[in-house]
Structures are given as C-alpha cells and as structure tokens.
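Pasting model.pdb here (PDB, C-alpha atoms):
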```pdb
ATOM      1  CA  MET A1146     -28.558 120.486 120.154
ATOM      2  CA  THR A1147     -28.996 116.747 119.850
ATOM      3  CA  PHE A1148     -30.447 114.811 116.937
ATOM      4  CA  ILE A1149     -32.018 111.412 117.495
ATOM      5  CA  LEU A1150     -31.834 108.950 114.626
ATOM      6  CA  VAL A1151     -34.653 106.433 114.933
ATOM      7  CA  PRO A1152     -34.139 103.223 112.924
ATOM      8  CA  LYS A1153     -36.817 100.969 111.535
ATOM      9  CA  GLN A1154     -34.911  98.150 113.266
ATOM     10  CA  GLY A1155     -32.600  98.384 116.241
ATOM     11  CA  LYS A1156     -31.836 101.064 118.786
ATOM     12  CA  ASP A1157     -31.937 104.837 118.407
ATOM     13  CA  ILE A1158     -28.658 106.708 118.220
ATOM     14  CA  GLN A1159     -28.069 110.287 119.316
ATOM     15  CA  VAL A1160     -25.627 112.746 117.787
ATOM     16  CA  ASN A1161     -24.854 116.336 118.617
ATOM     17  CA  ALA A1162     -24.947 119.039 115.968
ATOM     18  CA  TRP A1163     -21.158 119.421 116.112
ATOM     19  CA  ASN A1164     -20.771 115.897 114.673
ATOM     20  CA  TRP A1165     -23.983 115.797 112.626
ATOM     21  CA  ARG A1166     -23.386 118.878 110.441
ATOM     22  CA  PRO A1167     -20.121 117.616 108.890
ATOM     23  CA  THR A1168     -21.707 114.189 108.494
ATOM     24  CA  LEU A1169     -24.459 115.785 106.424
ATOM     25  CA  GLU A1170     -21.803 117.666 104.424
ATOM     26  CA  LEU A1171     -20.207 114.317 103.595
ATOM     27  CA  LEU A1172     -23.552 112.891 102.452
ATOM     28  CA  ARG A1173     -24.180 115.944 100.278
ATOM     29  CA  ALA A1174     -20.659 115.809  98.797
ATOM     30  CA  GLU A1175     -21.218 112.134  97.969
ATOM     31  CA  LYS A1176     -24.486 113.154  96.249
ATOM     32  CA  LEU A1177     -26.491 110.861  98.510
ATOM     33  CA  ILE A1178     -28.762 113.693  99.636
ATOM     34  CA  ASN A1179     -29.946 116.829  97.853
ATOM     35  CA  GLU A1180     -30.408 120.312  99.318
ATOM     36  CA  ASP A1181     -33.952 119.606 100.505
ATOM     37  CA  GLU A1182     -32.904 116.370 102.208
ATOM     38  CA  TYR A1183     -29.900 118.172 103.728
ATOM     39  CA  ASP A1184     -32.244 120.805 105.186
ATOM     40  CA  ARG A1185     -34.715 118.210 106.468
ATOM     41  CA  MET A1186     -32.032 116.056 108.071
ATOM     42  CA  GLY A1187     -30.374 119.124 109.531
ATOM     43  CA  ALA A1188     -33.445 120.266 111.462
ATOM     44  CA  GLN A1189     -35.383 118.457 114.130
ATOM     45  CA  GLY A1190     -38.879 117.250 113.305
ATOM     46  CA  CYS A1191     -38.784 118.255 109.625
ATOM     47  CA  GLY A1192     -39.220 114.804 108.128
ATOM     48  CA  GLY A1193     -35.589 113.922 107.466
ATOM     49  CA  GLN A1194     -35.316 110.244 106.661
ATOM     50  CA  ALA A1195     -33.401 107.574 104.807
ATOM     51  CA  ASP A1196     -34.956 104.420 103.419
ATOM     52  CA  ALA A1197     -33.136 101.074 103.619
ATOM     53  CA  ALA A1198     -31.323 101.530 100.289
ATOM     54  CA  LEU A1199     -30.143 105.028 101.186
ATOM     55  CA  ALA A1200     -29.015 103.871 104.631
ATOM     56  CA  CYS A1201     -26.853 101.186 102.956
ATOM     57  CA  SER A1202     -25.400 103.750 100.536
ATOM     58  CA  ILE A1203     -24.662 106.073 103.456
ATOM     59  CA  ALA A1204     -22.884 103.238 105.287
ATOM     60  CA  ASP A1205     -20.739 102.598 102.186
ATOM     61  CA  ALA A1206     -19.834 106.293 101.851
ATOM     62  CA  VAL A1207     -18.943 106.580 105.527
ATOM     63  CA  LYS A1208     -16.859 103.396 105.267
ATOM     64  CA  ARG A1209     -14.891 104.962 102.387
ATOM     65  CA  GLN A1210     -14.338 108.123 104.439
ATOM     66  CA  LEU A1211     -13.125 106.112 107.418
ATOM     67  CA  GLN A1212     -10.524 104.409 105.220
ATOM     68  CA  SER A1213      -8.784 107.801 104.945
ATOM     69  CA  MET A1214      -8.916 108.376 108.715
ATOM     70  CA  ASN A1215      -7.475 106.911 111.894
ATOM     71  CA  PRO A1216      -8.989 106.606 115.371
ATOM     72  CA  GLY A1217      -8.709 109.926 117.191
ATOM     73  CA  GLU A1218      -8.901 111.976 113.990
ATOM     74  CA  ARG A1219     -11.818 114.145 112.948
ATOM     75  CA  MET A1220     -13.390 115.273 109.694
ATOM     76  CA  CYS A1221     -13.934 119.029 109.656
ATOM     77  CA  ALA A1222     -16.883 120.863 108.117
ATOM     78  CA  ASP A1223     -14.888 121.292 104.881
ATOM     79  CA  LEU A1224     -14.374 117.467 104.849
ATOM     80  CA  LYS A1225     -10.631 117.736 105.502
ATOM     81  CA  VAL A1226      -9.258 115.266 108.017
ATOM     82  CA  THR A1227      -7.107 116.405 110.909
ATOM     83  CA  ALA A1228      -5.418 114.819 113.884
ATOM     84  CA  THR A1229      -5.179 118.117 115.770
ATOM     85  CA  SER A1230      -7.312 118.420 118.860
ATOM     86  CA  LYS A1231     -10.421 120.514 118.662
ATOM     87  CA  VAL A1232      -9.858 124.048 119.938
ATOM     88  CA  ARG A1233     -12.276 125.082 122.660
ATOM     89  CA  GLN A1234     -14.459 127.918 121.417
ATOM     90  CA  VAL A1235     -15.381 130.750 123.764
ATOM     91  CA  PHE A1236     -18.188 133.071 122.743
ATOM     92  CA  THR A1237     -18.704 136.437 124.362
ATOM     93  CA  PRO A1238     -21.093 139.277 123.557
ATOM     94  CA  GLU A1239     -18.172 140.871 121.694
ATOM     95  CA  THR A1240     -17.565 137.822 119.461
ATOM     96  CA  LYS A1241     -18.084 138.683 115.806
ATOM     97  CA  PRO A1242     -19.359 136.073 113.321
ATOM     98  CA  ASN A1243     -16.198 136.381 111.191
ATOM     99  CA  GLU A1244     -14.138 135.349 114.246
ATOM    100  CA  ILE A1245     -15.791 131.926 114.308
ATOM    101  CA  ASP A1246     -14.166 129.162 112.267
ATOM    102  CA  PRO A1247     -16.881 126.655 111.265
ATOM    103  CA  ASN A1248     -14.194 124.086 110.430
ATOM    104  CA  GLU A1249     -13.071 124.233 114.028
ATOM    105  CA  LEU A1250     -16.582 124.413 115.444
ATOM    106  CA  TYR A1251     -18.058 121.482 113.496
ATOM    107  CA  SER A1252     -16.148 118.240 113.093
ATOM    108  CA  ALA A1253     -17.160 114.595 113.007
ATOM    109  CA  THR A1254     -14.949 112.262 114.973
ATOM    110  CA  PHE A1255     -13.696 108.966 113.623
ATOM    111  CA  GLU A1256     -15.537 107.261 116.462
ATOM    112  CA  TRP A1257     -18.868 108.931 115.629
ATOM    113  CA  LEU A1258     -18.536 108.065 111.942
ATOM    114  CA  ALA A1259     -17.787 104.425 112.769
ATOM    115  CA  SER A1260     -20.867 104.273 115.012
ATOM    116  CA  PHE A1261     -22.998 105.916 112.325
ATOM    117  CA  ARG A1262     -21.753 103.468 109.674
ATOM    118  CA  ASP A1263     -22.711 100.526 111.864
ATOM    119  CA  PHE A1264     -26.075 102.095 112.732
ATOM    120  CA  CYS A1265     -26.899 102.598 109.034
ATOM    121  CA  ARG A1266     -26.002  98.990 108.186
ATOM    122  CA  LYS A1267     -28.398  97.628 110.817
ATOM    123  CA  SER A1268     -31.162 100.258 110.675
ATOM    124  CA  ASP A1269     -33.220  99.224 107.616
ATOM    125  CA  GLY A1270     -33.662 102.992 107.182
ATOM    126  CA  PHE A1271     -34.116 105.754 109.746
ATOM    127  CA  GLU A1272     -35.791 109.052 110.594
ATOM    128  CA  VAL A1273     -34.161 112.148 112.060
ATOM    129  CA  TYR A1274     -35.728 113.758 115.150
TER     130      TYR A1274
END
```
Show the structure stored in the file as structure tokens.
Amino acid sequence: MTFILVPKQGKDIQVNAWNWRPTLELLRAEKLINEDEYDRMGAQGCGGQADAALACSIADAVKRQLQSMNPGERMCADLKVTATSKVRQVFTPETKPNEIDPNELYSATFEWLASFRDFCRKSDGFEVY
C-alpha cells in the first residue's frame, strides 16, 4: 500500500506503509498527533493532514530522530534504531499472527526520514491520500 503526501507547495511524495507506520508512531510519541490524527493519517482518503505549523514541528521531530541515526539504519515500529538488515518476511496460509514481528515488518529507513523531513520543511502543510 502506498500513501501519497500532497503538499500545499512543491511536489507530492509517496511512501509505502512499511515506512509510513513507524513514521506515524514517531509523530504520536512526540505528541504531534493524537489518536484521531494517527488514524486519519494512517488510512487513505480519511482526511489526514498537517497545516504549515504542524509540518514544521514534524520536520523538527524527524530531524531530532535522525541525529540518533546513521545512513543505512532504520527505525523500527517500536522506535528503536537498528543497523541490521531487514529480514524478508514470507507469509503462507499456515502463518499465524503471533509469528509476525511488527518491529521487523515495519521500519522507517534513515533515507525515508531524511526525505520526509525535507518535504515537511518545504510543503507549507500537506494532506495524506
């Protein structure tokens, strides 16, 4: 699943759910978005948006996160940073939900977060589609 972030100014940016979910976790942990905003931004076409002030605050929070990371690292769903490569997940009809590690499944790369930071700085606010 791909999310399209449409800025008030500049070019759209696309992000897959694997990178977007932990990004939203970071925003929630930083208290930049509440549960309703988390739900809206985490679903397509549900009115998720950030005004210019929020976009700037998001950029600042992502910048702080990046200061604790290095290129090639990733931030897992639990917000821990790791340099280990992502493990390929294989799902079969026999796969049980408790066999799936969301921290391995969802992780935001350093590179994505840097792109998102820059997007937020230039966007003047954005909507999530």
Margin query: Report, in Å to a single decimal, how far apart atom CA of Lys1176 of chain A and atom CA of Met1220 of chain A are.
Written below: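 Taking atom CA of Met1220 of chain A as the start and atom CA of Lys1176 of chain A as the end point, the length is 17.6 Å.
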Notebook entry, point to check: What residues have an atom no more than 12 Å from (-17.9, 109.1, 116.7) in the file's own frame, counting only C-alpha atoms, and can you write them as number ranges by chain?
Noted result: A: 1158-1161, 1163-1165, 1167-1168, 1207, 1211, 1215-1220, 1252-1264
Notebook entry, point to check: Which residue gives the smallest distance to Thr1229 of chain A among A:Ala1204, A:Gly1192, A:Val1273, A:Glu1249, with all atoms listed in the file counted?
Noted result: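 Ranking A:Ala1204, A:Gly1192, A:Val1273, A:Glu1249 by distance to Thr1229 of chain A, first place goes to A:Glu1249.
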First collect every listed atom of segment 1158-1171 of chain A; then fit an axis-aligned box around them, widen it by 8 Å on each side, and give centre and edge lengths in Å to one decimal, as AutoDock Vina command-line options.
```
--center_x -24.4 --center_y 113.1 --center_z 111.5 --size_x 24.5 --size_y 28.7 --size_z 31.7
```
Next item on the list: Could you check which of A:Glu1244, A:Asp1223, A:Glu1175, A:Asp1269 is closest to Ala1206 of chain A, using all atoms listed in the file?
Entry: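 Among the listed residues, the smallest separation from Ala1206 of chain A belongs to A:Glu1175.
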Notebook entry, point to check: How many Å separate atom CA of Asn1179 of chain A from atom CA of Asp1196 of chain A?
Noted result: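 One can read the atom CA of Asn1179 of chain A to atom CA of Asp1196 of chain A distance as 14.5 Å.
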Next item on the list: Excluding Gln1154 of chain A and residues on its chain fewer than 3 positions from it, collect all residues at most 12 Å away from it, counting all atoms listed in the file, and give them as number ranges by chain.
Entry: A: 1150-1151, 1157-1158, 1196-1197, 1200, 1264-1272
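Going from atom CA of Arg1166 of chain A to atom CA of Cys1201 of chain A covers 19.5 Å.
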Item checked: Which of A:Thr1147, A:Pro1152, A:Arg1185, A:Tyr1251 sits closest to Lys1225 of chain A [using only C-alpha atoms] -> A:Tyr1251
Check: Pick from A:Ile1203, A:Ala1162, A:Met1146, A:Leu1169: nearest to Glu1182 of chain A, with only C-alpha atoms counted?
Finding: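 Between A:Ile1203, A:Ala1162, A:Met1146, A:Leu1169, the residue approaching Glu1182 of chain A most closely is A:Leu1169.
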Next item on the list: Apply the PyMOL selection byres ((chain A and resi 1183) around 10) to the file shown and report the selected residues as number ranges by chain.
Entry: A: 1166, 1169-1170, 1172-1173, 1177-1182, 1184-1188, 1193
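Closest approach to Tyr1274 of chain A among A:Gln1189, A:Leu1171, A:Ala1195, A:Lys1156 is made by A:Gln1189 (distances from only C-alpha atoms).
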With N, CA and C atoms as the goal, would you fill in the gaps in segment 1203-1219 of chain A and present it as a PDB file, in the frame of the given file?
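The result, stored in result-v1.pdb:
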```
ATOM      1  N   ILE A1203     -25.322 105.201 102.473  1.00  0.00           N
ATOM      2  CA  ILE A1203     -24.662 106.073 103.456  1.00  0.00           C
ATOM      3  C   ILE A1203     -23.565 105.287 104.172  1.00  0.00           C
ATOM      4  N   ALA A1204     -23.876 104.068 104.600  1.00  0.00           N
ATOM      5  CA  ALA A1204     -22.884 103.238 105.287  1.00  0.00           C
ATOM      6  C   ALA A1204     -21.655 103.023 104.405  1.00  0.00           C
ATOM      7  N   ASP A1205     -21.855 102.794 103.115  1.00  0.00           N
ATOM      8  CA  ASP A1205     -20.739 102.598 102.186  1.00  0.00           C
ATOM      9  C   ASP A1205     -19.891 103.863 102.065  1.00  0.00           C
ATOM     10  N   ALA A1206     -20.549 105.023 101.973  1.00  0.00           N
ATOM     11  CA  ALA A1206     -19.834 106.293 101.851  1.00  0.00           C
ATOM     12  C   ALA A1206     -19.039 106.598 103.121  1.00  0.00           C
ATOM     13  N   VAL A1207     -19.636 106.341 104.262  1.00  0.00           N
ATOM     14  CA  VAL A1207     -18.943 106.580 105.527  1.00  0.00           C
ATOM     15  C   VAL A1207     -17.770 105.614 105.667  1.00  0.00           C
ATOM     16  N   LYS A1208     -17.953 104.378 105.236  1.00  0.00           N
ATOM     17  CA  LYS A1208     -16.859 103.396 105.267  1.00  0.00           C
ATOM     18  C   LYS A1208     -15.674 103.891 104.427  1.00  0.00           C
ATOM     19  N   ARG A1209     -15.961 104.421 103.241  1.00  0.00           N
ATOM     20  CA  ARG A1209     -14.891 104.962 102.387  1.00  0.00           C
ATOM     21  C   ARG A1209     -14.177 106.123 103.091  1.00  0.00           C
ATOM     22  N   GLN A1210     -14.938 106.992 103.733  1.00  0.00           N
ATOM     23  CA  GLN A1210     -14.338 108.123 104.439  1.00  0.00           C
ATOM     24  C   GLN A1210     -13.438 107.631 105.570  1.00  0.00           C
ATOM     25  N   LEU A1211     -13.905 106.646 106.294  1.00  0.00           N
ATOM     26  CA  LEU A1211     -13.125 106.112 107.418  1.00  0.00           C
ATOM     27  C   LEU A1211     -11.814 105.484 106.969  1.00  0.00           C
ATOM     28  N   GLN A1212     -11.755 105.006 105.733  1.00  0.00           N
ATOM     29  CA  GLN A1212     -10.524 104.409 105.220  1.00  0.00           C
ATOM     30  C   GLN A1212      -9.408 105.441 105.084  1.00  0.00           C
ATOM     31  N   SER A1213      -9.788 106.736 105.037  1.00  0.00           N
ATOM     32  CA  SER A1213      -8.784 107.801 104.945  1.00  0.00           C
ATOM     33  C   SER A1213      -8.524 108.448 106.313  1.00  0.00           C
ATOM     34  N   MET A1214      -9.057 107.831 107.372  1.00  0.00           N
ATOM     35  CA  MET A1214      -8.916 108.376 108.715  1.00  0.00           C
ATOM     36  C   MET A1214      -8.360 107.319 109.660  1.00  0.00           C
ATOM     37  N   ASN A1215      -7.933 107.788 110.819  1.00  0.00           N
ATOM     38  CA  ASN A1215      -7.475 106.911 111.894  1.00  0.00           C
ATOM     39  C   ASN A1215      -8.242 107.250 113.164  1.00  0.00           C
ATOM     40  N   PRO A1216      -8.350 106.294 114.089  1.00  0.00           N
ATOM     41  CA  PRO A1216      -8.989 106.606 115.371  1.00  0.00           C
ATOM     42  C   PRO A1216      -8.345 107.848 115.999  1.00  0.00           C
ATOM     43  N   GLY A1217      -9.187 108.690 116.578  1.00  0.00           N
ATOM     44  CA  GLY A1217      -8.709 109.926 117.191  1.00  0.00           C
ATOM     45  C   GLY A1217      -8.716 111.123 116.245  1.00  0.00           C
ATOM     46  N   GLU A1218      -8.843 110.875 114.947  1.00  0.00           N
ATOM     47  CA  GLU A1218      -8.901 111.976 113.990  1.00  0.00           C
ATOM     48  C   GLU A1218     -10.340 112.452 113.841  1.00  0.00           C
ATOM     49  N   ARG A1219     -10.491 113.589 113.180  1.00  0.00           N
ATOM     50  CA  ARG A1219     -11.818 114.145 112.948  1.00  0.00           C
ATOM     51  C   ARG A1219     -11.899 114.730 111.548  1.00  0.00           C
TER      52      ARG A1219
END
```
